[in-house]
file work35.cif (mmCIF, C-alpha atoms)
data_entry
#
loop_
_atom_site.group_PDB
_atom_site.id
_atom_site.type_symbol
_atom_site.label_atom_id
_atom_site.label_comp_id
_atom_site.auth_asym_id
_atom_site.auth_seq_id
_atom_site.Cartn_x
_atom_site.Cartn_y
_atom_site.Cartn_z
ATOM 1 C CA MET D 128 7.730 45.277 184.818
ATOM 2 C CA SER D 129 6.966 46.144 181.279
ATOM 3 C CA ASN D 130 7.796 49.570 179.990
ATOM 4 C CA MET D 131 4.877 49.397 177.606
ATOM 5 C CA LEU D 132 2.053 51.787 178.240
ATOM 6 C CA LYS D 133 -1.430 51.273 177.010
ATOM 7 C CA ASN D 134 -2.428 53.699 174.320
ATOM 8 C CA GLU D 135 -5.686 54.555 176.081
ATOM 9 C CA GLU D 136 -3.785 55.400 179.251
ATOM 10 C CA VAL D 137 -1.380 57.846 177.707
ATOM 11 C CA ARG D 138 -3.593 59.319 175.078
ATOM 12 C CA PRO D 139 -5.193 62.219 176.993
ATOM 13 C CA GLU D 140 -1.924 63.276 178.590
ATOM 14 C CA MET D 141 0.060 62.943 175.392
ATOM 15 C CA ASP D 142 -2.669 64.759 173.532
ATOM 16 C CA ASP D 143 -2.374 67.667 175.932
ATOM 17 C CA LEU D 144 1.408 67.690 175.872
ATOM 18 C CA LEU D 145 1.663 67.486 172.090
ATOM 19 C CA HIS D 146 -1.063 70.041 171.663
ATOM 20 C CA ASP D 147 0.691 72.493 173.998
ATOM 21 C CA TYR D 148 4.054 71.880 172.385
ATOM 22 C CA PHE D 149 2.937 72.365 168.793
ATOM 23 C CA LYS D 150 0.740 75.332 169.622
ATOM 24 C CA ALA D 151 3.708 76.967 171.331
ATOM 25 C CA GLU D 152 5.801 76.381 168.228
ATOM 26 C CA LEU D 153 3.229 77.680 165.753
ATOM 27 C CA PRO D 154 3.846 81.388 165.167
ATOM 28 C CA ASN D 155 1.156 83.424 166.871
ATOM 29 C CA PRO D 156 -0.076 85.536 165.198
ATOM 30 C CA PHE D 157 0.684 83.772 161.977
ATOM 31 C CA PRO D 158 2.188 86.328 159.598
ATOM 32 C CA ALA D 159 -0.072 87.673 156.887
ATOM 33 C CA PHE D 160 1.172 87.829 153.354
ATOM 34 C CA GLN D 161 2.765 91.084 152.309
ATOM 35 C CA ALA D 162 3.229 91.434 148.619
ATOM 36 C CA PRO D 163 6.710 92.625 147.774
ATOM 37 C CA LEU D 164 6.926 96.079 146.300
ATOM 38 C CA PRO D 165 7.120 96.025 142.532
ATOM 39 C CA ALA D 166 10.651 96.226 141.333
ATOM 40 C CA ARG D 167 11.461 99.713 140.134
ATOM 41 C CA THR D 168 12.517 99.566 136.550
ATOM 42 C CA ARG D 169 15.176 102.049 135.661
ATOM 43 C CA ARG D 170 13.937 104.531 133.137
ATOM 44 C CA PRO D 171 16.282 105.407 130.285
ATOM 45 C CA ALA D 172 18.014 108.622 131.183
ATOM 46 C CA SER D 173 17.275 111.623 128.956
ATOM 47 C CA ILE D 174 20.056 113.421 127.112
ATOM 48 C CA TRP D 175 19.586 116.434 129.367
ATOM 49 C CA SER D 176 19.941 114.469 132.614
ATOM 50 C CA ARG D 177 22.861 112.536 131.263
ATOM 51 C CA TYR D 178 24.873 115.546 130.097
ATOM 52 C CA SER D 179 23.517 118.334 132.309
ATOM 53 C CA GLY D 180 26.767 118.662 134.250
ATOM 54 C CA ARG D 181 28.881 118.939 131.165
ATOM 55 C CA ILE D 182 26.461 121.345 129.519
ATOM 56 C CA ALA D 183 26.528 123.588 132.601
ATOM 57 C CA LEU D 184 30.316 123.540 132.636
ATOM 58 C CA ALA D 185 30.476 124.418 128.947
ATOM 59 C CA ALA D 186 27.981 127.262 129.472
ATOM 60 C CA CYS D 187 30.120 128.646 132.294
ATOM 61 C CA ILE D 188 33.265 128.603 130.186
ATOM 62 C CA ALA D 189 31.415 130.214 127.268
ATOM 63 C CA ALA D 190 30.056 132.958 129.546
ATOM 64 C CA LEU D 191 33.531 133.581 130.939
ATOM 65 C CA ALA D 192 35.060 133.847 127.496
ATOM 66 C CA ALA D 193 32.253 136.110 126.227
ATOM 67 C CA GLY D 194 32.591 138.354 129.260
ATOM 68 C CA TYR D 195 36.324 138.625 128.770
ATOM 69 C CA VAL D 196 35.960 139.535 125.094
ATOM 70 C CA SER D 197 33.180 142.049 125.653
ATOM 71 C CA LEU D 198 34.938 143.715 128.581
ATOM 72 C CA ALA D 199 38.167 143.932 126.617
ATOM 73 C CA GLY D 200 36.389 146.128 124.079
ATOM 74 C CA PHE D 201 35.762 148.844 126.662
ATOM 75 C CA PHE D 202 39.431 149.501 127.375
ATOM 76 C CA PRO D 203 41.917 151.261 124.973
ATOM 77 C CA ARG D 204 44.473 149.020 123.391
ATOM 78 C CA LEU D 205 48.146 149.932 124.011
ATOM 79 C CA ASN D 206 50.642 149.999 121.179
ATOM 80 C CA ASN D 207 53.261 147.654 122.503
ATOM 81 C CA ALA D 208 52.510 144.014 122.728
ATOM 82 C CA THR D 209 52.922 143.728 126.468
ATOM 83 C CA GLY D 210 50.716 146.675 127.281
ATOM 84 C CA ILE D 211 53.366 148.088 129.683
ATOM 85 C CA GLU D 212 54.717 151.518 128.972
ATOM 86 C CA GLN D 213 58.430 151.291 128.307
ATOM 87 C CA VAL D 214 60.344 153.922 130.269
ATOM 88 C CA VAL D 215 63.801 152.365 130.260
ATOM 89 C CA PRO D 216 65.709 151.112 127.238
ATOM 90 C CA ASN D 217 65.679 147.490 126.523
ATOM 91 C CA ILE D 218 68.626 146.020 128.374
ATOM 92 C CA ALA D 219 68.817 143.181 125.901
ATOM 93 C CA HIS D 220 70.162 145.614 123.303
ATOM 94 C CA LYS D 221 73.802 146.567 123.707
ATOM 95 C CA GLU D 222 75.005 150.051 122.843
ATOM 96 C CA LYS D 223 78.240 150.207 120.862
ATOM 97 C CA GLY D 224 79.669 153.649 120.057
ATOM 98 C CA GLY D 225 76.415 155.335 120.705
ATOM 99 C CA LYS D 226 74.627 153.103 118.282
ATOM 100 C CA ILE D 227 72.007 150.689 119.204
ATOM 101 C CA VAL D 228 72.861 147.269 118.025
ATOM 102 C CA VAL D 229 69.905 145.361 116.990
ATOM 103 C CA PRO D 230 70.377 141.612 117.250
ATOM 104 C CA PRO D 231 70.416 139.866 113.912
ATOM 105 C CA VAL D 232 67.182 138.448 112.789
ATOM 106 C CA ASP D 233 67.176 134.721 112.178
ATOM 107 C CA PRO D 234 65.708 134.072 108.734
ATOM 108 C CA ASP D 235 64.364 130.724 109.877
ATOM 109 C CA MET D 236 62.247 132.377 112.550
ATOM 110 C CA ASP D 237 59.447 132.961 110.082
ATOM 111 C CA MET A 33 -5.438 100.559 123.956
ATOM 112 C CA LYS A 34 -3.731 97.898 125.994
ATOM 113 C CA PRO A 35 -5.898 96.708 128.953
ATOM 114 C CA ARG A 36 -4.344 97.126 132.376
ATOM 115 C CA PRO A 37 -3.704 93.940 134.358
ATOM 116 C CA LYS A 38 -6.153 93.245 137.155
ATOM 117 C CA LYS A 39 -3.664 93.391 139.995
ATOM 118 C CA PRO A 40 -6.083 93.836 142.922
ATOM 119 C CA LEU A 41 -7.984 90.737 141.844
ATOM 120 C CA GLN A 42 -4.778 88.791 141.448
ATOM 121 C CA LYS A 43 -3.585 89.895 144.857
ATOM 122 C CA ALA A 44 -6.869 88.910 146.488
ATOM 123 C CA ALA A 45 -6.704 85.477 144.888
ATOM 124 C CA PHE A 46 -3.156 85.077 146.035
ATOM 125 C CA GLU A 47 -4.002 86.057 149.587
ATOM 126 C CA GLU A 48 -6.735 83.463 149.589
ATOM 127 C CA VAL A 49 -4.244 80.783 148.590
ATOM 128 C CA TYR A 50 -1.868 82.058 151.238
ATOM 129 C CA ASP A 51 -4.482 82.024 153.993
ATOM 130 C CA ARG A 52 -5.593 78.553 153.031
ATOM 131 C CA HIS A 53 -2.240 76.831 152.666
ATOM 132 C CA SER A 54 0.479 78.795 154.442
ATOM 133 C CA ARG A 55 0.017 76.936 157.722
ATOM 134 C CA GLU A 56 0.192 73.604 155.925
ATOM 135 C CA VAL A 57 3.443 74.648 154.318
ATOM 136 C CA TRP A 58 4.784 75.788 157.664
ATOM 137 C CA ALA A 59 3.752 72.468 159.277
ATOM 138 C CA LEU A 60 5.398 70.470 156.521
ATOM 139 C CA VAL A 61 8.724 72.239 156.913
ATOM 140 C CA TYR A 62 8.448 72.275 160.688
ATOM 141 C CA ALA A 63 7.981 68.519 160.704
ATOM 142 C CA ARG A 64 11.186 68.225 158.703
ATOM 143 C CA TRP A 65 13.371 70.491 160.849
ATOM 144 C CA LEU A 66 11.504 70.936 164.147
ATOM 145 C CA ASN A 67 12.457 74.592 164.010
ATOM 146 C CA ALA A 68 9.706 77.211 163.862
ATOM 147 C CA ASP A 69 11.922 79.972 162.476
ATOM 148 C CA ILE A 70 13.332 77.894 159.651
ATOM 149 C CA ALA A 71 9.820 76.722 158.840
ATOM 150 C CA LEU A 72 8.607 80.317 158.724
ATOM 151 C CA ASP A 73 11.485 81.421 156.503
ATOM 152 C CA ILE A 74 10.975 78.588 154.055
ATOM 153 C CA MET A 75 7.199 79.110 154.049
ATOM 154 C CA GLN A 76 7.652 82.775 153.176
ATOM 155 C CA GLU A 77 10.223 81.992 150.510
ATOM 156 C CA THR A 78 7.838 79.463 148.992
ATOM 157 C CA PHE A 79 5.002 81.945 148.732
ATOM 158 C CA LEU A 80 7.315 84.630 147.446
ATOM 159 C CA ARG A 81 8.226 82.298 144.613
ATOM 160 C CA LEU A 82 4.580 81.608 143.939
ATOM 161 C CA TRP A 83 3.905 85.342 143.889
ATOM 162 C CA LYS A 84 6.683 85.886 141.354
ATOM 163 C CA GLN A 85 5.307 83.096 139.206
ATOM 164 C CA TRP A 86 1.908 84.765 139.232
ATOM 165 C CA GLN A 87 3.416 88.137 138.456
ATOM 166 C CA GLU A 88 5.166 86.674 135.459
ATOM 167 C CA GLY A 89 1.872 85.250 134.281
ATOM 168 C CA SER A 90 2.723 81.572 134.755
ATOM 169 C CA GLU A 91 -0.342 79.406 135.014
ATOM 170 C CA ILE A 92 -0.294 77.168 138.080
ATOM 171 C CA VAL A 93 -3.163 74.722 137.974
ATOM 172 C CA ASN A 94 -2.881 73.453 141.535
ATOM 173 C CA PRO A 95 -1.266 76.087 143.764
ATOM 174 C CA ARG A 96 -1.481 73.892 146.845
ATOM 175 C CA ALA A 97 0.456 71.060 145.260
ATOM 176 C CA TRP A 98 2.888 73.597 143.857
ATOM 177 C CA VAL A 99 3.679 75.251 147.187
ATOM 178 C CA LEU A 100 3.942 71.929 149.007
ATOM 179 C CA ARG A 101 6.358 70.617 146.429
ATOM 180 C CA VAL A 102 8.467 73.779 146.435
ATOM 181 C CA ALA A 103 8.491 73.837 150.243
ATOM 182 C CA ARG A 104 9.687 70.238 150.376
ATOM 183 C CA ASN A 105 12.454 71.017 147.914
ATOM 184 C CA LEU A 106 13.487 74.126 149.810
ATOM 185 C CA ALA A 107 13.526 72.174 153.055
ATOM 186 C CA GLU A 108 15.829 69.606 151.477
ATOM 187 C CA ASP A 109 18.007 72.330 150.002
ATOM 188 C CA TYR A 110 18.243 73.797 153.457
ATOM 189 C CA ALA A 111 19.675 70.506 154.662
ATOM 190 C CA LYS A 112 22.504 70.814 152.186
ATOM 191 C CA SER A 113 23.223 74.450 152.906
ATOM 192 C CA ALA A 114 22.958 73.855 156.655
ATOM 193 C CA PHE A 115 25.500 71.087 156.348
ATOM 194 C CA ARG A 116 27.861 73.425 154.548
ATOM 195 C CA ARG A 117 27.440 76.149 157.164
ATOM 196 C CA ASN A 118 27.428 74.070 160.310
ATOM 197 C CA GLY A 119 29.365 70.936 159.523
ATOM 198 C CA THR A 120 27.780 67.756 160.699
ATOM 199 C CA GLN A 121 25.567 69.381 163.307
ATOM 200 C CA ALA A 122 22.239 70.699 162.154
ATOM 201 C CA PRO A 123 21.620 74.156 163.659
ATOM 202 C CA GLN A 124 18.498 73.139 165.539
ATOM 203 C CA THR A 125 20.515 70.807 167.724
ATOM 204 C CA MET A 126 22.062 73.886 169.272
ATOM 205 C CA ASN A 127 18.817 75.767 169.688
ATOM 206 C CA GLY A 128 17.249 75.808 173.096
ATOM 207 C CA VAL A 129 13.547 75.986 173.611
ATOM 208 C CA GLU A 130 12.542 79.593 173.346
ATOM 209 C CA GLY A 131 11.591 81.408 176.514
ATOM 210 C CA ARG A 132 7.933 82.188 177.110
ATOM 211 C CA ASP A 133 6.160 84.515 179.447
ATOM 212 C CA LEU A 134 5.640 82.088 182.273
ATOM 213 C CA LEU A 135 6.822 82.163 185.833
ATOM 214 C CA PRO A 136 10.472 81.109 185.955
ATOM 215 C CA LEU A 137 9.914 77.719 187.575
ATOM 216 C CA GLU A 138 6.916 76.835 185.420
ATOM 217 C CA GLY A 139 8.784 78.046 182.384
ATOM 218 C CA MET A 140 11.846 75.972 183.208
ATOM 219 C CA THR A 141 9.801 72.840 183.779
ATOM 220 C CA ARG A 142 7.885 73.315 180.586
ATOM 221 C CA ASP A 143 10.995 74.139 178.584
ATOM 222 C CA GLU A 144 12.677 71.031 179.888
ATOM 223 C CA THR A 145 9.705 68.862 179.013
ATOM 224 C CA PHE A 146 9.427 70.424 175.586
ATOM 225 C CA GLY A 147 13.152 70.023 175.035
ATOM 226 C CA GLN A 148 12.933 66.316 175.773
ATOM 227 C CA LEU A 149 9.842 66.008 173.644
ATOM 228 C CA ARG A 150 11.662 67.710 170.791
ATOM 229 C CA LYS A 151 14.536 65.245 171.081
ATOM 230 C CA GLU A 152 12.142 62.347 170.939
ATOM 231 C CA LEU A 153 10.311 63.880 168.001
ATOM 232 C CA GLU A 154 13.624 64.079 166.173
ATOM 233 C CA ARG A 155 13.973 60.330 166.576
ATOM 234 C CA LEU A 156 10.635 59.684 164.890
ATOM 235 C CA ALA A 157 10.294 59.138 161.182
ATOM 236 C CA PRO A 158 9.706 62.393 159.270
ATOM 237 C CA ALA A 159 6.397 61.049 157.987
ATOM 238 C CA ASP A 160 5.207 60.521 161.566
ATOM 239 C CA ARG A 161 6.324 64.006 162.495
ATOM 240 C CA GLU A 162 4.294 65.387 159.597
ATOM 241 C CA ILE A 163 1.194 63.655 160.891
ATOM 242 C CA LEU A 164 1.772 64.852 164.437
ATOM 243 C CA THR A 165 2.375 68.427 163.303
ATOM 244 C CA LEU A 166 -0.753 68.501 161.197
ATOM 245 C CA ARG A 167 -2.771 66.954 163.990
ATOM 246 C CA TYR A 168 -1.587 69.080 166.902
ATOM 247 C CA ALA A 169 -0.376 72.334 165.354
ATOM 248 C CA LEU A 170 -3.169 72.714 162.812
ATOM 249 C CA ASP A 171 -5.848 70.580 164.531
ATOM 250 C CA TYR A 172 -6.442 68.576 161.369
ATOM 251 C CA ASP A 173 -8.539 65.443 161.803
ATOM 252 C CA THR A 174 -7.514 62.062 160.466
ATOM 253 C CA ASN A 175 -9.414 62.393 157.216
ATOM 254 C CA LYS A 176 -7.954 65.765 156.393
ATOM 255 C CA ILE A 177 -4.429 64.559 157.115
ATOM 256 C CA ALA A 178 -5.051 61.510 154.938
ATOM 257 C CA GLU A 179 -6.285 63.732 152.133
ATOM 258 C CA MET A 180 -3.342 66.062 152.379
ATOM 259 C CA LEU A 181 -0.700 63.368 152.516
ATOM 260 C CA GLU A 182 -2.580 61.194 150.026
ATOM 261 C CA ILE A 183 -2.598 58.149 152.258
ATOM 262 C CA ASN A 184 -5.280 55.990 153.834
ATOM 263 C CA ALA A 185 -7.147 57.409 156.858
ATOM 264 C CA THR A 186 -6.629 54.138 158.709
ATOM 265 C CA ALA A 187 -2.904 54.412 158.138
ATOM 266 C CA VAL A 188 -2.951 57.936 159.525
ATOM 267 C CA HIS A 189 -4.831 56.769 162.593
ATOM 268 C CA MET A 190 -2.442 53.897 163.186
ATOM 269 C CA ARG A 191 0.696 55.954 162.719
ATOM 270 C CA LEU A 192 -0.645 58.694 164.937
ATOM 271 C CA SER A 193 -1.498 56.236 167.664
ATOM 272 C CA ARG A 194 1.835 54.454 167.399
ATOM 273 C CA ALA A 195 3.849 57.680 167.408
ATOM 274 C CA ARG A 196 1.992 58.938 170.431
ATOM 275 C CA GLN A 197 2.576 55.752 172.337
ATOM 276 C CA ARG A 198 6.231 55.611 171.395
ATOM 277 C CA LEU A 199 6.735 59.171 172.580
ATOM 278 C CA ALA A 200 4.942 58.465 175.846
ATOM 279 C CA GLU A 201 7.091 55.410 176.518
ATOM 280 C CA ARG A 202 10.341 57.175 175.799
ATOM 281 C CA LEU A 203 9.448 60.223 177.836
ATOM 282 C CA THR A 204 8.293 58.113 180.766
ATOM 283 C CA ALA A 205 11.524 56.122 180.603
ATOM 284 C CA GLN A 206 13.418 59.392 180.971
ATOM 285 C CA GLY A 207 11.399 60.308 184.008
ATOM 286 C CA VAL A 208 9.326 62.946 182.282
ATOM 287 C CA GLU A 209 5.854 63.278 183.664
ATOM 288 C CA VAL A 210 3.713 63.080 180.593
ATOM 289 C CA ASN A 211 1.018 64.912 182.469
ATOM 290 C CA HIS A 212 3.079 68.080 182.669
ATOM 291 C CA GLU A 213 0.471 70.431 184.142
#
call {"tool": "encode", "arguments": {"input": "work35.cif", "output": "structure tokens"}}
result
Amino acid sequence: MSNMLKNEEVRPEMDDLLHDYFKAELPNPFPAFQAPLPARTRRPASIWSRYSGRIALAACIAALAAGYVSLAGFFPRLNNATGIEQVVPNIAHKEKGGKIVVPPVDPDMD
Amino acid sequence: MKPRPKKPLQKAAFEEVYDRHSREVWALVYARWLNADIALDIMQETFLRLWKQWQEGSEIVNPRAWVLRVARNLAEDYAKSAFRRNGTQAPQTMNGVEGRDLLPLEGMTRDETFGQLRKELERLAPADREILTLRYALDYDTNKIAEMLEINATAVHMRLSRARQRLAERLTAQGVEVNHE
């Protein structure tokens, strides 16, 4: 028996089968075109936005320094350099025979 | 003052090209790979490239020919990349037929028939698959297929008839009832 089939015999069935197969494969609904969003071009950053952090930091330091200087003017300045009243003699100086020995001054210190 | 580009008009024209040719592009790639998802991806990539070309102001005289050519190239490129990713097996050989909302038994029968049909379609020449896809997925008649593929209408008719018969013989030999309903 021949395996050959007449084209007229198979045509309606094959038509149906192929039609069903390809229709099942075709995306339904077929996607509509969606234009991609325009690429966002990066604007050149302004000087302010680029250095705002540093400027703020500098302003803070300047305000701190100005506050320190202006507040310092309200308080009286003490005579000694440390600002602590000296009630006991300087233990670095040795007394010899009731005399205070002042350590020799190094001429190279200047 | 510099005139603003007419983007809405350009977009409308593009959408017209898309509506007219996107299914053809899909069918072309589908016929190559017999995979609906790959065909959809490549179709969208093709039109995205066309869109970029239009955005850049490139003049494309025949958009249809352009997209068909790009789609063919992308489909071939996919073959190379698929080979790299999957070795000697193309990915679609591992894909089953997707499930559909049918009753389980009907769905299984149909999936099995479609699976065998897909295997037999893979054995056909790509040119025959193109004709079958255009005929049955897009309902193109012989003349329109001939025009699209730039071949003789008689040749289309003959190849269509021969491919159909070959499929029927092979499926019948495997015990598939061609009348699947």
call {"tool": "atom_distance", "arguments": {"input": "work35.cif", "atom1": "atom CA of A:Met75", "atom2": "atom CA of A:Gln87"}}
result
18.4 Å
call {"tool": "resolve_selection", "arguments": {"input": "work35.cif", "expression": "the PyMOL selection byres ((chain A) within 10 of (chain D))", "output": "JSON, numbers by chain"}}
result
{"A": [43, 46, 47, 48, 50, 51, 54, 55, 58, 59, 62, 66, 67, 68, 69, 71, 72, 76, 79, 80, 83, 84, 87, 129, 130, 132, 142, 143, 145, 146, 147, 149, 150, 164, 165, 166, 167, 168, 169, 170, 171, 193, 194, 196, 197, 198, 199, 200, 201, 202, 204, 205, 209, 210, 211, 212, 213]}
call {"tool": "closest_residue", "arguments": {"input": "work35.cif", "among": "A:Ala178, A:Ile92, A:Ala107, A:Leu203", "to": "A:Lys151", "atoms": "only C-alpha atoms"}}
result
A:Leu203
call {"tool": "atom_distance", "arguments": {"input": "work35.cif", "atom1": "atom CA of A:His189", "atom2": "atom CA of A:Ile74"}}
result
28.3 Å
call {"tool": "atom_distance", "arguments": {"input": "work35.cif", "atom1": "atom CA of A:Leu106", "atom2": "atom CA of A:Ala159"}}
result
17.0 Å
call {"tool": "residues_around", "arguments": {"input": "work35.cif", "residues": "A:Leu181", "least_positions_apart": "5", "cutoff": "9 Å", "atoms": "only C-alpha atoms", "output": "PyMOL selection string"}}
result
chain A and resi 162-163+176
call {"tool": "closest_residue", "arguments": {"input": "work35.cif", "among": "A:Leu192, A:Val57, A:Ala44, A:Met140", "to": "A:Ala157", "atoms": "all atoms listed in the file"}}
result
A:Leu192
